[in-house]
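Everything on this sheet refers to the single structure shown next.
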There are 2 protein chains.
Amino acid sequence: MKLKKKDRQEQLTQMIEETPFITDEELANKFGVSIQTIRLDRLELSIPELRERIKNVANKNWNETVRALPIDEVIGEVVNLELDNLAISILDIHEEHVFSRNQIARGHHLFAQANSLAVAVINDELALTANAEISFTRPVKLGERVVAKASVVGNDQKRTIIEVKSFVNNEIVFEGKFYMYRNTDK
Amino acid sequence: MKLKKKDRQEQLTQMIEETPFITDEELANKFGVSIQTIRLDRLELSIPELRERIKNVANKNWNETVRALPIDEVIGEVVNLELDNLAISILDIHEEHVFSRNQIARGHHLFAQANSLAVAVINDELALTANAEISFTRPVKLGERVVAKASVVGNDQKRTIIEVKSFVNNEIVFEGKFYMYRNTDK
């Protein structure tokens with residue numbers, strides 16, 4: 001049963017507050033309405049689109065500077081960074097990222113996004129990848145937007161362990177554990 | 001003690017036959033002579049330079065066609081291919097592959113070479129990476145030449161397991177185990 005507009009808009013506002021990375025498409029599915037309806041709801045409620053929401057969420061914490069590499073060498077757009085803790089980036093999958101034959105994103109681009117984010121999150125002048133264990137959990141298609149989240153999960157003497165999870169909408173598409181050498185001991 | 005020229009050239013010929021991927025620099029170190037001397041030896045003995053030698057070794061077996069992707073989508077130059085068995089590619093590390101700060105090759109380029117070779121070796125229309133475990137065993141510098149060798153080491157129902165080892169000279173710089181989905185069961 002469809003909700004009344006007022007109820008839908010109330011629930012929609014709450015849902016976006018709780019899960020700010022939810023897409024219009026997912027919202028449309030949840031409420032059984034068209035994407036266009038969701039867009040109109042957002043307009044009426046003055047809720048910005050996903051990309052802006054990610055940036056807004058991110059900007060609150062985005063008060064640090066990448067140290068281990070110049071920011072323009074990060075693959076994807078960094079939208080959040082807390083050094084030695086957490087980083088988030090967005091990569092839109094364009095023609096140059098996909099296999100020509102099936103329009104599926106090539107693994108090394110997802111890897112590059114994740115790996116460069118793992119470098120960026122490190123609060124050190126030098127960070128090099130030693131090892132990684134990675135999984136591609138579902139194919140990513142042309143036109144999709146990949147949000148990668150890197151979290152520092154541990155340190156041993158000279159290595160920092162970073163988990164990266166990448167999502168399309170709220171679905172996980174890539175997971176990696178990166179063991180990074182850094183310049184200074186922890 | 002330095003060898004006489006005749007002895008050196010005999011040993012050099014034998015050494016190149018046994019390890020065709022050895023570089024002039026390594027030969028110079030082994031014989032305690034300059035790289036220029038090795039080049040002159042090769043000229044006199046009509047032994048081609050490394051790149052040509054790799055291609056020659058490779059061309060003997062290079063009678064198959066990449067199936068899982070167009071050849072120009074392989075990162076690096078494929079110099080040998082035996083489908084479902086073995087593939088070799090060369091990647092020269094240029095400015096665009098390195099961190100600006102320290103001239104070390106970025107991990108995702110070594111990954112891209114290895115991963116696309118793992119796709120290329122598969123004798124199937126479709127090959128997608130499911131998982132990988134990778135190690136970067138020593139930093140690769142600007143100007144170095146990376147030779148990657150992909151070997152099919154096993155199959156389970158829907159996955160093919162491929163080991164890729166990448167070398168600079170005869171030193172291993174990258175190792176990866178790739179678990180690939182393919183279209184057809186093995």
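Just remember, in the structure tokens the first chain shown is A, the second B, etc., residues are 1-based per chain, and ligands are 1-based in the order shown.
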
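Near chain B, the residues of chain A that fall inside 7 Å (using only C-alpha atoms) are Gly107, His108, Phe111, Ala112, Thr129, Ala130, Asn131, Ala132, Glu133, Ile134, Ser135, Phe136 and Thr137 of chain A.
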
Any idea what's packed within 10 Å of Asn170 in chain B, counting only C-alpha atoms, ignoring anything in its chain fewer than 3 positions away? Could you give it as a list in words?
->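 Neighbouring residues, sequence-local ones excluded: Thr19, Phe21, Ile22, Thr23, Glu26, Val146, Val147, Ser166, Phe167 and Val173 of chain B.
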
So which bits of chain B end up strand (DSSP E or B) when you DSSP the backbone, as a PyMOL selection string?
-> chain B and resi 77-82+86-92+98+104-105+127-136+141+145-155+159-168+171-182

Could you name the residues that touch Phe31 in chain B at 12 Å or less, counting only C-alpha atoms, but leaving out those on the same chain fewer than 4 positions away, as a ChimeraX atom specification?
-> /B:1-5,7-12,15,24-27,35,37-38,41

File dump, residues just selected, C-alpha atoms, as a PDB file, in the first residue's frame:
```
ATOM      1  CA  MET B   1      89.749 -11.690 -11.437  1.00  0.00           C
ATOM      2  CA  LYS B   2      88.515 -10.576 -14.820  1.00  0.00           C
ATOM      3  CA  LEU B   3      88.131 -13.184 -17.521  1.00  0.00           C
ATOM      4  CA  LYS B   4      89.755 -12.923 -20.908  1.00  0.00           C
ATOM      5  CA  LYS B   5      87.436 -11.557 -23.549  1.00  0.00           C
ATOM      6  CA  ASP B   7      86.171 -16.697 -22.044  1.00  0.00           C
ATOM      7  CA  ARG B   8      83.803 -13.936 -21.030  1.00  0.00           C
ATOM      8  CA  GLN B   9      81.999 -14.090 -24.354  1.00  0.00           C
ATOM      9  CA  GLU B  10      81.651 -17.854 -24.117  1.00  0.00           C
ATOM     10  CA  GLN B  11      80.217 -17.661 -20.631  1.00  0.00           C
ATOM     11  CA  LEU B  12      78.010 -14.743 -21.590  1.00  0.00           C
ATOM     12  CA  MET B  15      74.330 -17.434 -19.527  1.00  0.00           C
ATOM     13  CA  ASP B  24      72.983  -6.076 -19.651  1.00  0.00           C
ATOM     14  CA  GLU B  25      73.358  -4.461 -16.252  1.00  0.00           C
ATOM     15  CA  GLU B  26      73.211  -7.790 -14.462  1.00  0.00           C
ATOM     16  CA  LEU B  27      75.678  -9.307 -16.931  1.00  0.00           C
ATOM     17  CA  ILE B  35      77.531  -2.215 -19.482  1.00  0.00           C
ATOM     18  CA  THR B  37      81.482  -3.835 -22.746  1.00  0.00           C
ATOM     19  CA  ILE B  38      78.505  -6.183 -22.521  1.00  0.00           C
ATOM     20  CA  ASP B  41      80.093  -8.355 -26.650  1.00  0.00           C
TER      21      ASP B  41
END
```

Where in range 56-181 of chain A does DSSP assign alpha helix (DSSP H), given as a PyMOL selection string?
-> chain A and resi 56-59+107-120

Filtering to N, CA, C and O atoms, could you give me those residues as a PDB file, in the first residue's frame?
```pdb
ATOM      1  N   ASN A  56      28.405  16.938   1.823  1.00  0.00           N
ATOM      2  CA  ASN A  56      28.009  17.623   3.056  1.00  0.00           C
ATOM      3  C   ASN A  56      28.407  16.830   4.290  1.00  0.00           C
ATOM      4  O   ASN A  56      29.009  17.356   5.220  1.00  0.00           O
ATOM      5  N   VAL A  57      28.038  15.547   4.261  1.00  0.00           N
ATOM      6  CA  VAL A  57      28.420  14.675   5.366  1.00  0.00           C
ATOM      7  C   VAL A  57      29.927  14.750   5.545  1.00  0.00           C
ATOM      8  O   VAL A  57      30.457  14.865   6.645  1.00  0.00           O
ATOM      9  N   ALA A  58      30.598  14.691   4.404  1.00  0.00           N
ATOM     10  CA  ALA A  58      32.049  14.604   4.432  1.00  0.00           C
ATOM     11  C   ALA A  58      32.673  15.901   4.921  1.00  0.00           C
ATOM     12  O   ALA A  58      33.577  15.898   5.745  1.00  0.00           O
ATOM     13  N   ASN A  59      32.160  17.022   4.432  1.00  0.00           N
ATOM     14  CA  ASN A  59      32.823  18.291   4.717  1.00  0.00           C
ATOM     15  C   ASN A  59      32.922  18.605   6.204  1.00  0.00           C
ATOM     16  O   ASN A  59      33.817  19.312   6.637  1.00  0.00           O
ATOM     17  N   GLY A 107      38.767  -4.372 -13.126  1.00  0.00           N
ATOM     18  CA  GLY A 107      39.155  -4.501 -11.727  1.00  0.00           C
ATOM     19  C   GLY A 107      40.212  -3.510 -11.283  1.00  0.00           C
ATOM     20  O   GLY A 107      40.178  -3.015 -10.161  1.00  0.00           O
ATOM     21  N   HIS A 108      41.139  -3.184 -12.162  1.00  0.00           N
ATOM     22  CA  HIS A 108      42.254  -2.364 -11.686  1.00  0.00           C
ATOM     23  C   HIS A 108      41.832  -0.930 -11.394  1.00  0.00           C
ATOM     24  O   HIS A 108      42.512  -0.240 -10.641  1.00  0.00           O
ATOM     25  N   HIS A 109      40.705  -0.491 -11.947  1.00  0.00           N
ATOM     26  CA  HIS A 109      40.238   0.854 -11.584  1.00  0.00           C
ATOM     27  C   HIS A 109      39.640   0.863 -10.177  1.00  0.00           C
ATOM     28  O   HIS A 109      39.882   1.782  -9.400  1.00  0.00           O
ATOM     29  N   LEU A 110      38.869  -0.170  -9.848  1.00  0.00           N
ATOM     30  CA  LEU A 110      38.349  -0.268  -8.478  1.00  0.00           C
ATOM     31  C   LEU A 110      39.506  -0.443  -7.496  1.00  0.00           C
ATOM     32  O   LEU A 110      39.509   0.133  -6.398  1.00  0.00           O
ATOM     33  N   PHE A 111      40.478  -1.236  -7.923  1.00  0.00           N
ATOM     34  CA  PHE A 111      41.659  -1.419  -7.084  1.00  0.00           C
ATOM     35  C   PHE A 111      42.393  -0.090  -6.906  1.00  0.00           C
ATOM     36  O   PHE A 111      42.816   0.258  -5.790  1.00  0.00           O
ATOM     37  N   ALA A 112      42.541   0.665  -7.982  1.00  0.00           N
ATOM     38  CA  ALA A 112      43.277   1.933  -7.926  1.00  0.00           C
ATOM     39  C   ALA A 112      42.586   2.919  -6.984  1.00  0.00           C
ATOM     40  O   ALA A 112      43.235   3.615  -6.195  1.00  0.00           O
ATOM     41  N   GLN A 113      41.260   2.984  -7.076  1.00  0.00           N
ATOM     42  CA  GLN A 113      40.515   3.862  -6.165  1.00  0.00           C
ATOM     43  C   GLN A 113      40.788   3.466  -4.710  1.00  0.00           C
ATOM     44  O   GLN A 113      41.137   4.310  -3.877  1.00  0.00           O
ATOM     45  N   ALA A 114      40.646   2.178  -4.428  1.00  0.00           N
ATOM     46  CA  ALA A 114      40.806   1.685  -3.059  1.00  0.00           C
ATOM     47  C   ALA A 114      42.246   1.844  -2.575  1.00  0.00           C
ATOM     48  O   ALA A 114      42.501   2.313  -1.460  1.00  0.00           O
ATOM     49  N   ASN A 115      43.181   1.487  -3.424  1.00  0.00           N
ATOM     50  CA  ASN A 115      44.586   1.508  -3.013  1.00  0.00           C
ATOM     51  C   ASN A 115      45.069   2.943  -2.793  1.00  0.00           C
ATOM     52  O   ASN A 115      45.775   3.226  -1.826  1.00  0.00           O
ATOM     53  N   SER A 116      44.669   3.846  -3.667  1.00  0.00           N
ATOM     54  CA  SER A 116      45.146   5.215  -3.485  1.00  0.00           C
ATOM     55  C   SER A 116      44.475   5.858  -2.275  1.00  0.00           C
ATOM     56  O   SER A 116      45.069   6.700  -1.603  1.00  0.00           O
ATOM     57  N   LEU A 117      43.265   5.422  -1.954  1.00  0.00           N
ATOM     58  CA  LEU A 117      42.610   5.927  -0.742  1.00  0.00           C
ATOM     59  C   LEU A 117      43.327   5.389   0.505  1.00  0.00           C
ATOM     60  O   LEU A 117      43.479   6.105   1.504  1.00  0.00           O
ATOM     61  N   ALA A 118      43.774   4.139   0.414  1.00  0.00           N
ATOM     62  CA  ALA A 118      44.534   3.553   1.527  1.00  0.00           C
ATOM     63  C   ALA A 118      45.855   4.296   1.742  1.00  0.00           C
ATOM     64  O   ALA A 118      46.324   4.445   2.866  1.00  0.00           O
ATOM     65  N   VAL A 119      46.445   4.768   0.662  1.00  0.00           N
ATOM     66  CA  VAL A 119      47.656   5.595   0.786  1.00  0.00           C
ATOM     67  C   VAL A 119      47.293   6.951   1.383  1.00  0.00           C
ATOM     68  O   VAL A 119      47.948   7.444   2.306  1.00  0.00           O
ATOM     69  N   ALA A 120      46.208   7.539   0.878  1.00  0.00           N
ATOM     70  CA  ALA A 120      45.836   8.902   1.277  1.00  0.00           C
ATOM     71  C   ALA A 120      45.504   9.005   2.766  1.00  0.00           C
ATOM     72  O   ALA A 120      45.761  10.037   3.382  1.00  0.00           O
TER      73      ALA A 120
END
```
